[in-house]
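Worksheet: the structure to be examined is printed underneath.
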Amino acid sequence: MTARATTALVAAMVLTAALAGASLTVRRLDRLRAGATAEEALYVPSPKFLQRMSLGYTGLVADIYWTRAVQYFGSRHHARSGEYKLLEPLLDIATTLDPHLTVAYEFGATFLAQKPPEGAGDPDAAVRLVERGVRENPSAWRLYYNLGFIHYFERRDYAAAAAAFERGSRVPGALPWMKVMAAHMSQHAGALETARFLWSSLYETTENDDIRANAAKHLRALRVDEEVSLLEKLVTGFHQRTGRWPANWAEMVAAGYLRSVPHDPTRRPYRLSPGGRVLVQVPEDLPFITQGLPPGEEPSNQRQPESK
């Protein structure tokens with residue numbers, strides 16, 4: 001037998017073995033039907049077992065497991081099931097076999113994070129999955145995007161969301177709105193100084209006029225929130241000292257609490273309402289503010305969170 005024929009024979013044998021392994025994997029995966037029970041999870045092979053079985057074709061087996069994870073999720077979702085017990089093990093195997101299968105991190109985390117019956121209702125597992133994806137694929141900025149949204153929408157951890165978006169914004173090639181989202185999350189978390197820093201950096205560095213205008217609106221909103229809080233503390237101090245609320249800003253100036261009548265960023269005087277509340281005159285001209293709004297009016301950033 002010639003050397004070429006021997007090489008061809010060995011290659012054919014390896015390919016046959018790999019296909020046989022893939023076939024075995026498919027048969028085992030067929031156990032993951034819509035009515036799978038917790039016990040059936042025991043039949044899911046471990047990543048190490050599959051790595052040996054695939055004879056180096058781990059990418060092929062990873063794709064199979066990712067496909068079946070999608071099928072498993074789809075069948076459970078279609079049945080409006082509240083249990084997705086095999087979802088995390090399937091995703092774990094797929095991403096362990098192929099750590100660069102970014103689609104599994106992105107969409108798999110969404111499947112894990114959504115509340116039942118839309119998903120597994122396990123945002124912590126979703127965070128673990130995406131964080132592993134980030135470690136394996138540090139240049140994939142979309143993974144930071146997914147991580148931020150899981151923290152925000154599912155975990156309500158605005159500080160963690162801000163950190164995820166900010167980390168992602170530093171990845172080469174990340175879109176500019178990553179900085180926008182980082183600052184937005186910081187504002188939700190109450191970290192005004194962090195938000196001001198991020199919005200200022202964005203305003204000073206972006207070449208996009210729309211992004212710069214948006215940053216300016218958020219900076220004005222931060223200024224209003226701080227000024228209204230400070231003014232209301234001063235008004236409360238006046239009330240504690242005199243036993244009454246001031247009728248106007250002139251009284252506050254005369255009493256030495258202020259140097260002049262305070263104005264908002266649109267150059268309109270703040271309104272001093274009965275009971276010591278400080279309001280802006282035209283809230284529509286100051287989007288994103290959370291302070292200084294008329295009673296009963298929700299902040300714009302709570303009516304509809306940004307999802308760009």
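Simple scheme: letters A, B, ... for chains in structure tokens order, numbers from 1 for residues in each chain, numbers from 1 for ligands in the order shown.
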- Item | Residue list (alpha helix (DSSP H), DSSP) for range 108-279 of chain A, as a ChimeraX atom specification | /A:108-113,123-136,141-149,158-169,177-188,192-205,209-242,249-254
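The shell of residues at most 7 Å from range 191-203 of chain A, with only C-alpha atoms counted and near chain neighbours (fewer than 5 positions) removed, consists of Lys179, Ala183, His184, Ser186, Arg212, Ala215, Ala216, Leu219 and Leu222 of chain A.
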- Distance query range 85-96 of chain A at most 6 Å, only C-alpha atoms, self and fewer than 2 positions along chain excluded, as a PyMOL selection string: chain A and resi 47+62+65-66+69+83+98-99
Those residues you just picked out, can you put them in a file as a CSV table (one decimal), in the first residue's frame with C-alpha atoms?
```csv
chain,number,residue,atom,x,y,z
A,47,PRO,CA,-17.9,17.9,28.3
A,62,ALA,CA,-20.6,21.7,20.3
A,65,TYR,CA,-25.4,20.6,21.5
A,66,TRP,CA,-26.2,24.2,20.8
A,69,ALA,CA,-30.3,23.4,23.4
A,83,GLU,CA,-39.1,24.2,34.0
A,98,ASP,CA,-16.3,25.3,21.9
A,99,PRO,CA,-15.5,28.3,24.1
```
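Distance-wise, CA of Val171 in chain A and CA of Trp141 in chain A end up 6.0 Å apart.
Shortest separation to Phe149 in chain A among A:Gly119, A:Thr266, A:Arg135, A:Thr110 occurs at residue A:Thr110, atoms counted being only C-alpha atoms.
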- Shortest interatomic distance to Leu143 in chain A - which of A:Val224, A:Ala159, A:Leu293, A:Met178, counting only C-alpha atoms: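 Ranked by minimum distance to Leu143 in chain A, first place goes to A:Met178.
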- Find the residues near range 166-168 of chain A: any atom within 10 Å, counting only C-alpha atoms, skip ones fewer than 5 places away on the same chain, and give them as number ranges by chain. A: 134, 138-148, 160-161, 173-175, 178-183, 185-186, 198
- Task: Give me the residues within 10 Å of Pro294 in chain A as a ChimeraX atom specification, counting only C-alpha atoms and dropping any in the same chain fewer than 4 places off.
- Result: /A:273,277-283,298
- Message: For a quick check of understanding, using only C-alpha atoms, which of A:Phe153, A:Arg132, A:Arg241, A:Leu231 has the smallest distance to Val261 in chain A?
- Response: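 Ranking A:Phe153, A:Arg132, A:Arg241, A:Leu231 by distance to Val261 in chain A, first place goes to A:Leu231.
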- Grab the CA of Asp225 in chain A to CA of Ile289 in chain A distance for me, in Å with one decimal place.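 Atom-to-atom, CA of Asp225 in chain A and CA of Ile289 in chain A are spaced 6.3 Å apart.
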- Query: Do you know which residues are at most 12 Å from Ala120 in chain A counting only C-alpha atoms, after dropping those on the same chain fewer than 5 positions away, and could you put them as a PyMOL selection string?
  - Reply: chain A and resi 72-74+76-77+80-88+108-115+125-126+154
Using C-alpha atoms, can you export the residues from the last selection as a PDB file, in the first residue's frame?
```pdb
ATOM      1  CA  TYR A  72     -35.109  21.946  23.955  1.00  0.00           C
ATOM      2  CA  PHE A  73     -35.830  25.551  24.883  1.00  0.00           C
ATOM      3  CA  GLY A  74     -38.241  25.954  21.976  1.00  0.00           C
ATOM      4  CA  ARG A  76     -40.492  23.786  26.523  1.00  0.00           C
ATOM      5  CA  HIS A  77     -41.443  27.341  25.627  1.00  0.00           C
ATOM      6  CA  ARG A  80     -45.543  26.979  28.248  1.00  0.00           C
ATOM      7  CA  SER A  81     -43.512  24.969  30.703  1.00  0.00           C
ATOM      8  CA  GLY A  82     -42.060  26.616  33.759  1.00  0.00           C
ATOM      9  CA  GLU A  83     -39.139  24.196  33.984  1.00  0.00           C
ATOM     10  CA  TYR A  84     -35.981  24.184  31.882  1.00  0.00           C
ATOM     11  CA  LYS A  85     -33.817  21.847  33.939  1.00  0.00           C
ATOM     12  CA  LEU A  86     -31.638  20.671  31.061  1.00  0.00           C
ATOM     13  CA  LEU A  87     -31.023  24.088  29.557  1.00  0.00           C
ATOM     14  CA  GLU A  88     -28.025  25.083  31.666  1.00  0.00           C
ATOM     15  CA  GLY A 108     -28.366  31.036  25.770  1.00  0.00           C
ATOM     16  CA  ALA A 109     -28.035  33.620  28.524  1.00  0.00           C
ATOM     17  CA  THR A 110     -31.270  35.214  27.377  1.00  0.00           C
ATOM     18  CA  PHE A 111     -33.016  31.835  27.555  1.00  0.00           C
ATOM     19  CA  LEU A 112     -31.675  31.322  31.076  1.00  0.00           C
ATOM     20  CA  ALA A 113     -32.461  34.810  32.354  1.00  0.00           C
ATOM     21  CA  GLN A 114     -36.068  35.264  31.208  1.00  0.00           C
ATOM     22  CA  LYS A 115     -38.766  34.650  33.789  1.00  0.00           C
ATOM     23  CA  ALA A 125     -26.829  31.324  35.851  1.00  0.00           C
ATOM     24  CA  ALA A 126     -27.098  33.618  32.837  1.00  0.00           C
ATOM     25  CA  GLU A 154     -33.596  40.722  35.253  1.00  0.00           C
TER      26      GLU A 154
END
```
- Message: Nearest residue to Gly121 in chain A out of A:Leu101, A:Gly296, A:Ile150, A:Asn137, using only C-alpha atoms?
- Response: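 The shortest atom-to-atom distance to Gly121 in chain A comes from A:Ile150.
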